There are 2 protein chains.
Amino acid sequence: LGEKKYVIIAAGGYGSRMQTDIPKQFLPLAGIPVIVHTIQSFIKAWDDLVFIVVLPEEEMERWEKIRKKFFKRDHILVTKGGATRFHSVKNGLKLVKEKGIVAVQDACRPFVSKELLMKCLEITLEKGNAVPVIDLKDSLRELVKDASRNRNRARYKAVQTPQCFQLDLLKQAYRQTFLDTFTDDAAVVEAAGHKINLIEGDPANFKITTPFDLKMAERFVSTSP
Amino acid sequence: LGEKKYVIIAAGGYGSRMQTDIPKQFLPLAGIPVIVHTIQSFIKAWDDLVFIVVLPEEEMERWEKIRKKFFKRDHILVTKGGATRFHSVKNGLKLVKEKGIVAVQDACRPFVSKELLMKCLEITLEKGNAVPVIDLKDSLRELVKDASRNRNRARYKAVQTPQCFQLDLLKQAYRQTFLDTFTDDAAVVEAAGHKINLIEGDPANFKITTPFDLKMAERFVSTSP
């Protein structure tokens, strides 16, 4: 599919939930940093790729070593993260010069399948955006003041990445003034007045957030083909 | 802790998401049915236990064989499931004759830790109920008509089991007329006018719902102590 594909790898955060000094995207998973798995999953599926890795400034040196060790190609750019995910992705978008498709990917979501990536691409080309979601497995409660209330989980979806957009659509959306509700790209694009196209995600495409997730990821990768 | 403890193992459902003929609670996990792991996790933590397994009628025979093979003790009762989880738990409650604590547990949640169980017990004795919850890892969207909208995931919690209650409280709550919103026991007790006490759950206490979950559970159990 002849479009240029930009993948913004969002790794601006510090991963306080992981209880480690090294940001979680750099932790080894089967001996290879998580973020390297994440990038490789795109290389296996898409061609004509440019990666834009968005990082805290103090992690640039660590990243540079990893990049040199694992990637020969030149199409991996890097830029500084901002105060929030919104500001990080906005910084990443500044490096996108040509027309194409933009995918925003969590650095710590290393198991996105070729199948899901092909579906994302297809729907984005057809409808302007594609966002993978999965069912909630557990019941859901909403916190209200000092209490909580039951919500109908069938009416909610858990949102994964990559969140994929036609470049013009995403660039235009990121011109908006920041709001607290901009917790992911779908929220930003939606606020700009566009309908989000939900597609069926994949339970295996999970995000590594806690030490438990990393443990599960280790087990998953060690027995996968 | 001298209270009698009833554990209602809710296994009334058919597990359509697992794409197998055998209900998922009976699928082998490290060679042992999932439901046996679930029951064993309580035996490791609590004393003075009575289990009430709630099953579809056509699964009684299969269960009886499993029970005889894995459990010597007599304190495992069985009863028929109903049309919904509410009706299944209500059937289970009919077998509870003495005072005590009631825990309602998903049959397919085999990894509840001793630590979490002790905390559940303590809070239930102190406050009348305890329901373990964890943070949502992914962004959250709510489905609205033919579209969806971003929700602030920080304001929501994923609800686990065991959901634990003083017997009188739960029995009284289950006298209510069924509502569609009664998707778990917390919802039923809440509708009866009681505050739900949320406690910090455990990511490892996950529910086996999809083939992916079972795969992860296999890996988890095979390397656990």
# chains A, B, ... in the order shown; residues from 1 in each chain; ligands from 1

$ interface_residues --of "chain B" --to "chain A" --cutoff "8 Å" --atoms "only C-alpha atoms" --output "VMD selection string"
chain B and resid 137 to 144 147 to 152 155 to 160 181 183 to 184 186 to 187 190 195 to 196 203 to 204 207 209 212 216 219 to 220

$ residues_around --residues "Lys114 in chain B" --least-positions-apart "4" --cutoff "9 Å" --atoms "only C-alpha atoms" --output "list in words"
Ser41, Phe42, Lys44, Ala45, Trp46, Met118 and Lys119 of chain B

$ write_last_selection --atoms "N, CA and C atoms" --output "compact mmCIF listing (two decimals), in the first residue's frame"
# COMPACT_ATOMS: atom_id res chain seq x y z
N SER B 41 -7.22 -22.10 45.77
CA SER B 41 -6.66 -20.83 46.24
C SER B 41 -7.35 -20.37 47.53
N PHE B 42 -8.61 -20.69 47.69
CA PHE B 42 -9.32 -20.36 48.95
C PHE B 42 -8.90 -21.29 50.09
N LYS B 44 -6.11 -22.61 50.55
CA LYS B 44 -4.79 -22.20 51.01
C LYS B 44 -4.83 -21.01 51.96
N ALA B 45 -5.92 -20.24 51.91
CA ALA B 45 -5.95 -18.98 52.66
C ALA B 45 -6.92 -18.98 53.85
N TRP B 46 -8.11 -19.56 53.67
CA TRP B 46 -9.16 -19.45 54.68
C TRP B 46 -9.44 -20.81 55.32
N MET B 118 -6.96 -12.54 52.53
CA MET B 118 -6.93 -12.13 53.94
C MET B 118 -7.42 -10.68 54.09
N LYS B 119 -7.05 -9.86 53.13
CA LYS B 119 -7.50 -8.46 53.17
C LYS B 119 -9.01 -8.37 52.97

$ residues_around --residues "Val53 in chain A" --least-positions-apart "3" --cutoff "9 Å" --atoms "only C-alpha atoms" --output "PyMOL selection string"
chain A and resi 7-12+76-80+92+107

$ residues_around --residues "Leu49 in chain A" --least-positions-apart "6" --cutoff "8 Å" --atoms "only C-alpha atoms" --output "PyMOL selection string"
chain A and resi 4-7+43+75

$ select_by_dssp --residues "range 4-78 of chain B" --states "strand (DSSP E or B)" --output "ChimeraX atom specification"
/B:5-10,28-29,32-33,49-55,76-78
